[in-house]
Structure formats: structure tokens, C-alpha cells
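my_file.cif, holding mmCIF, C-alpha atoms:
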data_model
loop_
_atom_site.label_atom_id
_atom_site.label_comp_id
_atom_site.auth_asym_id
_atom_site.auth_seq_id
_atom_site.Cartn_x
_atom_site.Cartn_y
_atom_site.Cartn_z
CA MET A 1 0.00 0.00 0.00
CA TYR A 2 1.31 3.42 -0.90
CA VAL A 3 0.11 6.59 0.72
CA PHE A 4 -0.45 9.40 -1.69
CA SER A 5 -1.80 12.82 -1.08
CA LYS A 6 -3.57 14.71 -3.80
CA GLN A 7 -2.09 18.04 -4.67
CA PHE A 8 -3.11 20.39 -7.44
CA SER A 9 -0.45 21.50 -9.85
CA GLU A 10 -0.40 24.98 -11.37
CA ASN A 11 -2.63 23.90 -14.24
CA GLY A 12 -5.23 22.58 -11.80
CA ARG A 13 -4.66 18.88 -12.49
CA TYR A 14 -4.11 16.28 -9.81
CA MET A 15 -0.58 15.27 -8.85
CA ALA A 16 -0.07 12.23 -6.67
CA THR A 17 2.74 12.59 -4.15
CA GLN A 18 4.08 9.85 -1.93
CA LYS A 19 4.46 11.23 1.60
CA LYS A 20 7.99 11.48 2.89
CA ALA A 21 9.17 10.97 6.46
CA VAL A 22 12.59 11.55 7.91
CA ALA A 23 13.44 8.99 10.59
CA LEU A 24 15.89 9.59 13.41
CA ILE A 25 18.07 6.50 13.17
CA SER A 26 20.27 5.80 16.18
CA GLY A 27 21.29 2.30 15.19
CA GLY A 28 19.17 0.72 17.91
CA LEU A 29 16.18 -1.55 17.54
CA ASP A 30 13.45 1.01 18.24
CA SER A 31 14.35 3.42 15.47
CA LEU A 32 14.80 0.49 13.09
CA LEU A 33 11.29 -0.72 13.88
CA ALA A 34 9.72 2.74 13.72
CA ALA A 35 11.11 3.29 10.25
CA LYS A 36 10.02 -0.18 9.13
CA VAL A 37 6.45 0.46 10.35
CA MET A 38 6.33 3.56 8.16
CA LEU A 39 7.78 1.73 5.15
CA GLU A 40 5.10 -0.92 5.60
CA GLN A 41 2.51 1.85 5.31
CA GLY A 42 3.94 2.98 2.01
CA VAL A 43 5.65 6.11 3.27
CA HIS A 44 8.95 7.12 1.67
CA VAL A 45 11.47 7.07 4.53
CA GLU A 46 15.01 8.39 4.71
CA GLY A 47 17.13 8.22 7.83
CA ILE A 48 19.03 10.94 9.62
CA ASN A 49 21.73 10.29 12.18
CA PHE A 50 23.40 12.98 14.24
CA TYR A 51 27.03 12.76 15.33
CA THR A 52 27.66 14.66 18.57
CA GLY A 53 31.16 13.36 19.23
CA PHE A 54 29.85 11.41 22.22
CA CYS A 55 28.15 8.69 20.19
CA VAL A 56 29.08 5.16 21.13
CA GLU A 57 28.34 4.28 17.51
CA GLY A 58 31.69 5.76 16.51
CA HIS A 59 34.68 3.46 16.40
CA THR A 60 36.49 4.98 19.36
CA HIS A 61 35.66 2.00 21.54
CA ALA A 62 37.28 -0.21 18.91
CA ILE A 63 40.64 1.54 19.32
CA ARG A 64 41.77 -1.06 21.80
CA LYS A 65 43.40 -3.95 20.04
CA LYS A 66 41.49 -6.54 22.06
CA ASP A 67 38.27 -5.21 20.54
CA LYS A 68 39.47 -5.65 17.00
CA ALA A 69 38.83 -9.39 16.80
CA LYS A 70 35.21 -8.61 16.06
CA PRO A 71 34.94 -5.90 13.39
CA LYS A 72 32.82 -3.01 14.64
CA ARG A 73 29.99 -1.99 12.41
CA ASN A 74 28.14 1.31 12.50
CA ASN A 75 24.65 0.26 13.49
CA ALA A 76 22.96 3.33 12.01
CA LEU A 77 24.41 2.42 8.60
CA TRP A 78 23.47 -1.21 9.19
CA SER A 79 19.89 -0.18 10.03
CA ALA A 80 19.60 1.92 6.89
CA GLU A 81 20.98 -0.86 4.72
CA THR A 82 18.64 -3.39 6.32
CA LEU A 83 15.69 -1.09 5.69
CA GLY A 84 16.84 -0.22 2.18
CA ILE A 85 16.71 3.51 2.89
CA LYS A 86 19.18 6.35 2.53
CA LEU A 87 20.95 7.60 5.63
CA HIS A 88 22.17 11.16 6.10
CA ILE A 89 24.80 11.47 8.82
CA ILE A 90 25.07 15.00 10.16
CA ASP A 91 27.99 16.45 12.10
CA ILE A 92 26.54 18.50 14.97
CA ILE A 93 29.64 18.55 17.17
CA GLU A 94 29.86 22.35 17.41
CA GLU A 95 26.15 23.04 17.82
CA TYR A 96 25.83 20.29 20.39
CA LYS A 97 28.12 22.10 22.81
CA GLN A 98 25.31 24.43 23.85
CA VAL A 99 23.07 21.44 24.53
CA LEU A 100 25.63 19.80 26.77
CA LEU A 101 26.93 22.93 28.47
CA ASN A 102 23.57 24.60 29.16
CA PRO A 103 20.80 22.02 29.23
CA LYS A 104 17.49 23.71 30.05
CA HIS A 105 16.11 20.48 31.49
CA GLY A 106 19.29 19.48 33.32
CA TYR A 107 21.26 16.26 33.35
CA GLY A 108 20.32 12.65 33.96
CA ALA A 109 22.21 10.37 36.31
CA ASN A 110 25.52 11.45 34.76
CA MET A 111 26.39 14.22 32.29
CA ASN A 112 23.64 13.14 29.91
CA PRO A 113 21.29 15.96 28.89
CA CYS A 114 18.91 13.45 27.30
CA LEU A 115 15.78 15.57 27.13
CA ASP A 116 17.53 18.63 25.70
CA CYS A 117 19.39 16.33 23.33
CA LYS A 118 16.20 14.81 21.99
CA ILE A 119 14.57 18.24 21.62
CA PHE A 120 17.63 19.49 19.76
CA MET A 121 17.80 16.50 17.43
CA VAL A 122 14.11 16.56 16.58
CA GLY A 123 14.42 20.28 15.92
CA LYS A 124 17.38 19.67 13.59
CA ALA A 125 15.42 16.91 11.86
CA LYS A 126 12.56 19.34 11.31
CA GLU A 127 14.94 21.88 9.75
CA TRP A 128 16.31 19.12 7.52
CA ALA A 129 12.80 17.98 6.58
CA ILE A 130 11.82 21.48 5.49
CA GLU A 131 15.03 21.99 3.50
CA ASN A 132 14.60 18.64 1.74
CA GLY A 133 10.87 18.61 1.13
CA PHE A 134 9.87 15.97 3.67
CA ASP A 135 6.43 15.93 5.28
CA PHE A 136 6.95 14.67 8.81
CA ILE A 137 9.40 13.25 11.32
CA ILE A 138 9.44 9.88 13.04
CA THR A 139 11.36 8.58 16.03
CA GLY A 140 11.59 5.22 17.77
CA GLU A 141 10.59 6.71 21.11
CA VAL A 142 8.51 4.58 23.45
CA ILE A 143 6.74 6.00 26.50
CA GLY A 144 8.50 4.89 29.67
CA GLN A 145 11.46 3.37 27.84
CA ARG A 146 14.00 5.83 29.23
CA PRO A 147 13.84 7.48 32.63
CA MET A 148 14.70 10.99 31.49
CA SER A 149 13.65 11.64 27.92
CA GLN A 150 11.05 9.00 27.13
CA ARG A 151 8.25 9.58 29.62
CA LYS A 152 4.60 10.42 29.09
CA GLU A 153 5.22 13.97 30.35
CA THR A 154 8.24 14.57 28.14
CA MET A 155 6.68 13.50 24.85
CA PRO A 156 4.69 16.74 24.39
CA VAL A 157 7.67 18.77 25.65
CA ILE A 158 9.86 17.33 22.88
CA SER A 159 7.18 17.96 20.26
CA ALA A 160 6.62 21.55 21.38
CA GLU A 161 10.15 22.71 22.19
CA SER A 162 11.66 21.18 19.05
CA GLY A 163 9.12 23.07 16.95
CA ALA A 164 8.05 19.83 15.30
CA ASP A 165 4.66 19.88 17.10
CA ASP A 166 2.24 17.45 15.48
CA LEU A 167 4.60 16.68 12.62
CA LEU A 168 6.41 14.39 15.04
CA LEU A 169 5.07 10.84 14.96
CA ARG A 170 6.23 8.01 17.22
CA PRO A 171 4.98 4.88 15.44
CA LEU A 172 5.81 2.49 18.30
CA CYS A 173 3.69 4.29 20.91
CA ALA A 174 1.44 6.53 18.79
CA GLN A 175 -1.74 4.88 20.03
CA ASN A 176 -0.93 6.11 23.54
CA LEU A 177 -0.54 9.69 22.35
CA PRO A 178 -2.81 12.32 20.76
CA GLU A 179 -3.23 12.09 17.01
CA THR A 180 -0.58 13.78 14.94
CA LEU A 181 -1.01 15.51 11.60
CA PRO A 182 0.09 12.47 9.54
CA GLU A 183 -2.60 10.41 11.28
CA ARG A 184 -5.35 13.04 11.00
CA GLU A 185 -4.63 13.60 7.33
CA GLY A 186 -4.61 9.89 6.59
CA TRP A 187 -1.00 9.85 5.49
CA VAL A 188 -0.58 6.95 7.91
CA ASN A 189 -3.10 4.56 9.39
CA ARG A 190 -3.26 5.00 13.18
CA ASP A 191 -4.77 1.53 13.57
CA GLU A 192 -1.57 0.04 12.21
CA LEU A 193 0.64 1.91 14.65
CA TYR A 194 1.53 0.58 18.10
CA ASP A 195 0.89 1.18 21.80
CA PHE A 196 4.19 0.08 23.33
CA SER A 197 5.07 1.44 26.75
CA GLY A 198 7.42 0.77 29.62
CA ARG A 199 10.91 -0.59 29.86
CA THR A 200 10.13 -4.08 28.64
CA ARG A 201 11.69 -4.95 25.30
CA LYS A 202 9.42 -7.89 24.57
CA PRO A 203 7.01 -6.08 22.20
CA GLN A 204 9.92 -4.70 20.22
CA MET A 205 11.56 -8.11 20.02
CA ALA A 206 8.29 -9.66 18.85
CA LEU A 207 7.91 -6.99 16.19
CA ALA A 208 11.52 -7.49 15.12
CA GLU A 209 10.79 -11.17 14.69
CA LYS A 210 7.68 -10.38 12.66
CA PHE A 211 9.75 -8.21 10.33
CA GLY A 212 12.50 -10.82 10.14
CA PHE A 213 15.14 -8.67 11.89
CA VAL A 214 17.66 -10.93 13.58
CA ASP A 215 21.04 -9.29 13.77
CA TYR A 216 19.96 -5.97 15.30
CA ALA A 217 22.04 -4.05 17.85
CA GLN A 218 21.69 -5.17 21.44
CA PRO A 219 21.79 -2.05 23.57
CA ALA A 220 24.37 -2.18 26.33
CA GLY A 221 24.48 1.04 28.29
CA GLY A 222 22.90 3.43 25.84
CA CYS A 223 24.12 5.10 22.71
CA CYS A 224 26.02 7.98 24.29
CA PHE A 225 29.19 8.18 26.37
CA LEU A 226 27.58 10.90 28.48
CA THR A 227 25.40 8.26 30.16
CA ASP A 228 28.58 6.54 31.35
CA LYS A 229 29.63 7.40 34.90
CA ALA A 230 33.38 6.99 34.39
CA TYR A 231 33.30 9.12 31.24
CA SER A 232 31.27 11.83 32.98
CA VAL A 233 33.77 11.97 35.85
CA LYS A 234 36.59 12.51 33.34
CA LEU A 235 34.63 15.25 31.60
CA THR A 236 33.93 17.17 34.82
CA ASP A 237 37.58 16.78 35.82
CA LEU A 238 38.60 18.27 32.47
CA TRP A 239 36.39 21.30 33.02
CA ALA A 240 37.47 21.74 36.64
CA SER A 241 41.16 21.62 35.68
CA ARG A 242 40.70 24.26 32.99
CA GLY A 243 38.48 26.50 35.07
CA LYS A 244 35.88 26.61 32.31
CA ARG A 245 33.24 24.37 30.83
CA ASP A 246 34.22 23.96 27.22
CA TYR A 247 35.75 21.30 24.98
CA GLU A 248 37.10 20.53 21.56
CA ILE A 249 36.62 17.26 19.70
CA ASP A 250 40.13 16.05 20.59
CA ASP A 251 39.34 16.56 24.29
CA ILE A 252 36.31 14.35 24.20
CA MET A 253 38.04 11.71 22.09
CA LEU A 254 40.93 11.48 24.53
CA LEU A 255 38.53 10.95 27.44
CA LYS A 256 37.62 7.64 25.83
CA VAL A 257 41.18 6.36 25.70
CA GLY A 258 43.71 5.13 28.27
CA ARG A 259 44.12 5.32 32.02
CA HIS A 260 43.78 8.86 33.34
CA PHE A 261 45.70 10.10 36.37
CA ARG A 262 45.76 13.56 37.92
CA PRO A 263 48.48 13.38 40.56
CA LYS A 264 48.62 17.19 40.84
CA PRO A 265 46.10 19.87 39.86
CA ASN A 266 48.35 21.26 37.12
CA PHE A 267 48.64 18.13 35.00
CA LYS A 268 46.96 14.91 33.96
CA LEU A 269 48.49 11.80 32.42
CA ILE A 270 46.81 9.68 29.77
CA VAL A 271 48.53 6.29 29.81
CA ALA A 272 47.84 3.91 26.91
CA ARG A 273 46.55 0.52 28.05
CA GLU A 274 47.72 -1.49 25.07
CA GLU A 275 49.03 -1.33 21.53
CA GLY A 276 45.85 -0.05 19.90
CA GLU A 277 45.69 2.89 22.29
CA ASN A 278 49.45 3.44 21.92
CA ASN A 279 48.94 3.82 18.17
CA PHE A 280 46.00 6.15 18.68
CA LEU A 281 47.91 8.40 21.10
CA GLN A 282 50.81 8.63 18.60
CA GLY A 283 48.57 10.97 16.66
CA TYR A 284 48.69 13.49 19.51
CA LYS A 285 52.48 13.63 19.92
CA LYS A 286 52.74 17.08 18.39
CA GLN A 287 50.05 18.55 20.63
CA PHE A 288 51.20 17.18 23.99
CA ILE A 289 54.28 16.57 26.06
CA THR A 290 54.85 12.82 25.84
CA LEU A 291 56.56 10.26 28.06
CA ARG A 292 57.91 6.96 26.81
CA THR A 293 59.87 4.29 28.66
CA MET A 294 63.22 3.62 26.95
CA SER A 295 64.91 0.93 29.02
CA HIS A 296 61.81 -1.30 29.05
CA LYS A 297 58.74 -1.76 26.88
CA GLY A 298 55.95 0.45 28.07
CA PRO A 299 53.00 2.64 27.20
CA LEU A 300 53.04 5.97 25.41
CA THR A 301 51.75 8.62 27.78
CA LEU A 302 50.41 12.11 27.14
CA PHE A 303 51.17 14.80 29.70
CA ASP A 304 48.26 17.25 29.64
CA GLY A 305 49.09 20.44 31.52
CA THR A 306 52.08 22.49 32.61
CA ALA A 307 55.06 21.02 34.38
CA ASN A 308 56.52 22.43 37.57
CA GLU A 309 59.78 21.29 39.14
CA GLY A 310 59.69 17.60 39.94
CA ASP A 311 56.53 16.93 37.95
CA PHE A 312 58.29 14.98 35.19
CA GLU A 313 59.88 12.70 37.80
CA LEU A 314 56.48 12.09 39.39
CA ALA A 315 54.91 11.45 35.98
CA ALA A 316 57.78 9.17 34.95
CA ARG A 317 57.39 7.05 38.10
CA ILE A 318 53.72 6.53 37.25
CA VAL A 319 54.47 5.69 33.62
CA ALA A 320 57.24 3.29 34.68
CA ARG A 321 54.73 1.49 36.90
CA PHE A 322 52.80 0.51 33.76
CA SER A 323 55.89 -0.60 31.85
CA GLN A 324 57.60 -3.99 31.80
CA GLY A 325 60.15 -2.45 34.16
CA ARG A 326 57.65 -2.07 36.98
CA ASP A 327 59.81 -4.25 39.27
CA ALA A 328 63.15 -2.80 38.16
CA GLU A 329 65.26 -0.52 40.35
CA VAL A 330 65.52 2.09 37.59
CA VAL A 331 63.54 2.79 34.44
CA ASP A 332 64.64 5.34 31.85
CA VAL A 333 61.81 7.52 30.60
CA GLU A 334 62.07 9.90 27.65
CA VAL A 335 60.18 13.18 28.00
CA THR A 336 59.54 15.03 24.74
CA GLU A 337 58.27 18.59 24.55
CA ASN A 338 58.05 20.54 21.29
CA GLY A 339 60.29 17.99 19.59
CA VAL A 340 63.03 18.26 22.22
CA SER A 341 63.67 15.21 24.39
CA HIS A 342 65.42 14.57 27.68
CA ASN A 343 65.69 11.44 29.79
CA VAL A 344 64.55 10.92 33.35
CA SER A 345 65.70 7.87 35.31
CA VAL A 346 63.27 6.87 38.04
CA LYS A 347 62.27 4.05 40.34
CA PRO A 348 58.77 2.91 39.36
CA PHE A 349 56.02 3.38 41.89
CA ALA A 350 54.89 0.26 43.68
CA ALA A 351 51.24 -0.65 43.13
CA ASP A 352 50.18 0.75 46.50
CA GLU A 353 52.00 4.03 45.86
CA ILE A 354 49.65 4.93 42.99
CA GLN A 355 47.07 6.85 44.99
CA GLU A 356 43.45 6.09 44.32
CA ALA A 357 42.70 9.81 44.43
CA TRP A 358 44.95 10.32 41.39
CA ARG A 359 42.77 8.13 39.19
CA VAL A 360 40.25 10.09 37.17
CA MET B 1 40.21 12.64 -9.12
CA ILE B 2 39.50 14.55 -5.94
CA GLU B 3 41.63 13.73 -2.89
CA LEU B 4 40.01 13.76 0.55
CA ASP B 5 42.25 13.61 3.60
CA ALA B 6 40.36 11.98 6.46
CA ARG B 7 43.43 10.88 8.42
CA ARG B 8 43.18 10.90 12.24
CA LEU B 9 39.39 11.16 12.06
CA MET B 10 37.42 8.45 13.78
CA CYS B 11 34.26 7.04 12.26
CA PRO B 12 31.75 8.32 11.44
CA MET B 13 33.64 11.53 10.60
CA PRO B 14 35.35 10.06 7.49
CA VAL B 15 31.90 8.96 6.29
CA ILE B 16 30.47 12.44 6.92
CA LYS B 17 33.39 14.10 5.08
CA THR B 18 32.92 11.68 2.17
CA GLN B 19 29.17 12.27 2.10
CA ASN B 20 29.62 16.05 2.15
CA ILE B 21 32.23 16.20 -0.60
CA ILE B 22 30.22 13.87 -2.84
CA LYS B 23 27.28 16.29 -2.58
CA THR B 24 29.44 18.84 -4.39
CA MET B 25 30.62 16.47 -7.13
CA ALA B 26 29.14 15.54 -10.49
CA VAL B 27 27.95 12.08 -11.52
CA GLY B 28 30.91 10.04 -12.74
CA ASP B 29 33.49 12.03 -10.78
CA CYS B 30 35.80 10.11 -8.46
CA VAL B 31 37.08 10.81 -4.97
CA ARG B 32 39.93 9.06 -3.19
CA VAL B 33 39.54 9.09 0.59
CA THR B 34 42.58 8.45 2.79
CA CYS B 35 41.90 7.42 6.36
CA THR B 36 43.64 6.00 9.42
CA ASP B 37 40.61 4.53 11.22
CA PRO B 38 40.23 0.92 10.06
CA GLY B 39 36.49 1.24 10.71
CA VAL B 40 36.16 3.01 7.34
CA MET B 41 36.69 -0.32 5.60
CA GLN B 42 33.25 -1.32 6.86
CA ASP B 43 31.48 2.02 7.07
CA ILE B 44 32.33 3.70 3.76
CA PRO B 45 31.44 0.62 1.67
CA ALA B 46 28.15 0.38 3.61
CA TRP B 47 27.48 4.07 3.00
CA CYS B 48 28.23 3.60 -0.74
CA ARG B 49 25.85 0.64 -0.97
CA ILE B 50 23.08 2.60 0.75
CA ASN B 51 23.49 5.60 -1.51
CA GLY B 52 24.22 3.75 -4.72
CA HIS B 53 27.74 5.07 -5.28
CA THR B 54 30.36 2.74 -6.75
CA LEU B 55 33.29 1.72 -4.61
CA LEU B 56 36.02 1.24 -7.19
CA LYS B 57 38.92 0.24 -4.98
CA THR B 58 40.02 -0.25 -1.37
CA GLU B 59 43.66 -0.34 -0.38
CA GLU B 60 45.63 -0.63 2.85
CA ILE B 61 49.06 0.97 2.54
CA ASP B 62 51.37 1.56 5.51
CA GLY B 63 48.56 1.69 8.03
CA GLU B 64 46.40 3.95 5.90
CA TYR B 65 43.10 2.96 4.33
CA ILE B 66 42.39 4.37 0.88
CA LEU B 67 38.99 4.09 -0.76
CA THR B 68 38.18 5.25 -4.29
CA ILE B 69 34.55 6.06 -5.03
CA GLU B 70 32.75 6.98 -8.22
CA VAL B 71 29.73 9.24 -7.77
CA ALA B 72 26.43 7.86 -9.02
CA ALA B 73 23.24 9.70 -9.87
CA GLU B 74 20.78 10.47 -7.05
#

Turn this file's structure into C-alpha cells for me.
Amino acid sequence: MYVFSKQFSENGRYMATQKKAVALISGGLDSLLAAKVMLEQGVHVEGINFYTGFCVEGHTHAIRKKDKAKPKRNNALWSAETLGIKLHIIDIIEEYKQVLLNPKHGYGANMNPCLDCKIFMVGKAKEWAIENGFDFIITGEVIGQRPMSQRKETMPVISAESGADDLLLRPLCAQNLPETLPEREGWVNRDELYDFSGRTRKPQMALAEKFGFVDYAQPAGGCCFLTDKAYSVKLTDLWASRGKRDYEIDDIMLLKVGRHFRPKPNFKLIVAREEGENNFLQGYKKQFITLRTMSHKGPLTLFDGTANEGDFELAARIVARFSQGRDAEVVDVEVTENGVSHNVSVKPFAADEIQEAWRV
Amino acid sequence: MIELDARRLMCPMPVIKTQNIIKTMAVGDCVRVTCTDPGVMQDIPAWCRINGHTLLKTEEIDGEYILTIEVAAE
């Protein structure tokens, strides 16, 4: 079944137009199903996926070599390919800063501004829909699915504050919500939409089975690093150390990599955990002071901050702890700043000398 | 042949850069994208399949991943 609206052309004759929906595609099951429900109703669907820099869907969590045994796919691309629709991936890194730094509705359990984020993304999708001649917007939201952004009370807030109003349709829970324009106008059949609610995933899994979706993404901790406690702690530490709440893309990438230590307020160390991270941190050698063990194999370490007297020795003792010379009397560590290197010979810290308070 | 340098960018940024440059290119034009994130070897081919563009060649040379794409019609 195809849904066509009748429009009059300039000469007064009928033109049939297939209705077009832009679907927010996260890569998860819900957005996959929401888009499929619309395709089943004959709507032309294209996907849109926003990249904030904090998306787990990126490959940053595949930097570590141990993760490379299983190739990491981008689930948003996989969803689009499975659905047979186009996917438009939009870089919103810069614009997203205002969402994260000044969320009107505050943060969730960690640094996740989920409600503001959803409002922002739906608003961007509406802008995109207008620019590209699309008729309405769909999301995979389900009432009660998420504690902050997907609640009965927040659904109208998202519709209103994004500016999408009744052009925003949630196919998976539409029957629990007031009719939207696409339903009233008959562009979609409300009876063939769904009434999912709550945190259970069973209805979604049953629908996935009905559609023949097998290899869909299994959510494990959300789609955003900002919902992660350890990541949020590192982000607030970054802001506290700089005395201002701001960030660049390299900052937020580096928070995903390595062990982080702040033994003194004026500097932090990012110590690679294994070869994959070592290779990744190599790309930052020109931007940071680096430490590298010379007498023993060990991790590349970035020194983020300014060094006072004795700081390189302190840093070198920490780095040496994570080298193969951890039990040696002396480890030679090369410190490189602006292309100029000097060596520091230190005794590695014992395990119990690495203070818990230093770990970020 | 247009050259696109996407080194040091993590996915999906190389895909976004590829997508954005292809929007400015004519049908039949080619772009060669050079990347350092191995994830592009999955993501850019997937993006090409979705959008109908032709992936002419993939290469891995000295830790860099090079993909050559021919632009198809919308």
C-alpha cells in the first residue's frame, strides 16, 4: 500500500505525491522498527543520524586492540541498509556544545542531557525535513522506555520545544498519544501503529521477529558516552582543571582512551593501556608533552598540563609502573616537549603508591 | 580525481566528510579518501551501498586505508 496525497499543480490537475518521512536512526532496535512500520505503510522514509562526538556508535571503543577481533559496524548504517533507505549522517559537534553545556532540562544520572538532546535532534530533523521537502518526522521513542527523555510527560515537551509539534510521529507508541497531523490527514493509518510502553523490550523483540530482523544491535548502556559514569567523571575533571566548561573534539576523544591520572592539579596523564591505544595516542604527539619508557617496553603517555619542578619525575614514576620495568630498580623515561627530548631515570612506583585519588 | 584527507578522524567523521564532498561532485566524478581509522573499511562501503555510489577500490598501505569512489546519480 502506498500513501499518496492529492495536490493540485499549477494547471489545476491532480498530482499524486508519496508522503515522505525523515526517521531519526540511532542504530538501535526502536528506530529500526519505527522506520520499518512507516515503510510498511507505504511512506517514503530516509534516515538521519546525528554525530555529537559522544556517540558510542563511533569506532572509538574499537581503538583497543582486544576489541578488533570482532569488526565493529556502524549500526545506524546497518539499520539503513537493512531497511533499504538512505541515511544522512550530520555532524553537529559544534552546535551540540550548547546542549551539553547549558541544558534547560538538566542532566540525567551522569552528564547526559537526554531531554535537551532529543529536543535538539528533533528540531534539527525538522529543519532538515523542510530543506529537503519531507512531510513529517518519526522517532523510535517509546513511553516509559528511558527514565529521562522518554516519559509520558516529556513526549509533548519534545514535540513543542523542538518546533516539530504534530509533525512528530512516534509509530511504536502513537496509540498512547494524541493524534498527529500524519494520522489526521490519513498519510498513515493510526490503527496500524503501536501502543508500546514501559521498559520491557518484549514487544519490540516480537515486532523485530515479525519483520525478520535478527542481527539488530543489542543495547548495552545506551548510545552515548555521556550516560557513562566513568566518562562523565573525566569530563567534569577536564572542566574543573581548565576552570571553564568547554571542549574541543580532541578533548572528548581522549577521554575515551587510556588510564587517566591527575596526581597534581596542574597536570593529567593519559597512559595507553595497550598497543591499539598506543597507536591512537601517537597521533597526539605534536600537541602534547609525551613520556615513553626507553629501558623497558611500556605505554606511550600524554602529559596534559604544565610542568613544575619535579613533575616529570612524578609522571615518569607513574608511567614506569605501567611498563615492563615495573619491578626494576631504575627505568629510563624519555620526556619530549616541542620535539626536544630529555631522559629521566626513576624508580617505578609500587602498586600501592599509585594513589586512588589520582585516578580520574 | 578529488583527494580527501580523512586521516586521524574516527568514524563516522570520514563517512560524513565523504558524504559532504560527494554532494558537491558531479555524476561520474571520483574521490579518493585516505583514512587511518580501520572502521572506514566497513562504514564507507556500507554508505556507498546505501546511496548507490560505486566503490572502485580499497587499499591498505602503511597503516592507511584508501577508498576510491565513483559518484552515481541520485

- Between CA of Glu95 in chain A and CA of Val33 in chain B, measure the distance and give it in Å to one decimal.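 So the answer is 25.9 Å.
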
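Evaluated against the shown file, the PyMOL selection byres ((chain A) within 8 of (chain B)) gives Tyr51, Gly58, His59, Thr60, Pro71, Lys72, Arg73, Asn74, Leu77, Trp78, Ala80, Glu81, Gly84, Ile85, Lys86, Leu87, Ile89, Ile90, Asp91 and Gly283 of chain A.
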
Non-local contacts of Leu281 in chain A (12 Å; all atoms listed in the file; under 3 positions in same chain excluded) as a CSV table (one decimal) with C-alpha atoms, in the frame of the given file:
chain,number,residue,atom,x,y,z
A,63,ILE,CA,40.6,1.5,19.3
A,64,ARG,CA,41.8,-1.1,21.8
A,250,ASP,CA,40.1,16.0,20.6
A,253,MET,CA,38.0,11.7,22.1
A,254,LEU,CA,40.9,11.5,24.5
A,255,LEU,CA,38.5,11.0,27.4
A,256,LYS,CA,37.6,7.6,25.8
A,257,VAL,CA,41.2,6.4,25.7
A,258,GLY,CA,43.7,5.1,28.3
A,259,ARG,CA,44.1,5.3,32.0
A,269,LEU,CA,48.5,11.8,32.4
A,270,ILE,CA,46.8,9.7,29.8
A,271,VAL,CA,48.5,6.3,29.8
A,272,ALA,CA,47.8,3.9,26.9
A,273,ARG,CA,46.6,0.5,28.0
A,274,GLU,CA,47.7,-1.5,25.1
A,275,GLU,CA,49.0,-1.3,21.5
A,276,GLY,CA,45.8,0.0,19.9
A,277,GLU,CA,45.7,2.9,22.3
A,278,ASN,CA,49.4,3.4,21.9
A,284,TYR,CA,48.7,13.5,19.5
A,285,LYS,CA,52.5,13.6,19.9
A,286,LYS,CA,52.7,17.1,18.4
A,287,GLN,CA,50.0,18.6,20.6
A,288,PHE,CA,51.2,17.2,24.0
A,289,ILE,CA,54.3,16.6,26.1
A,290,THR,CA,54.8,12.8,25.8
A,291,LEU,CA,56.6,10.3,28.1
A,292,ARG,CA,57.9,7.0,26.8
A,299,PRO,CA,53.0,2.6,27.2
A,300,LEU,CA,53.0,6.0,25.4
A,301,THR,CA,51.8,8.6,27.8
A,302,LEU,CA,50.4,12.1,27.1
A,303,PHE,CA,51.2,14.8,29.7
B,8,ARG,CA,43.2,10.9,12.2

- Message: Assuming the chain letters and numbering stay as they are in my file, what does the PyMOL selection byres ((chain A and resi 194-200) around 8) actually select? List them as a list in words.
- Response: Val142, Ile143, Gly144, Gln145, Arg146, Pro171, Leu172, Cys173, Ala174, Gln175, Asn176, Asp191, Glu192, Leu193, Arg201, Lys202 and Pro203 of chain A

- For CA of Gly140 in chain A and CA of Glu74 in chain B, the interatomic separation in Å (one decimal): 27.0 Å

- Query: Suppose you want the space between CA of Asp304 in chain A and CA of Ile93 in chain A; what is it in Å?
  - Reply: 22.4 Å

- For the file shown, what are the residues hit by the PyMOL selection byres ((chain B and resi 73) around 12), laid out as a VMD selection string? chain B and resid 22 to 23 25 to 29 51 to 54 70 to 72 74
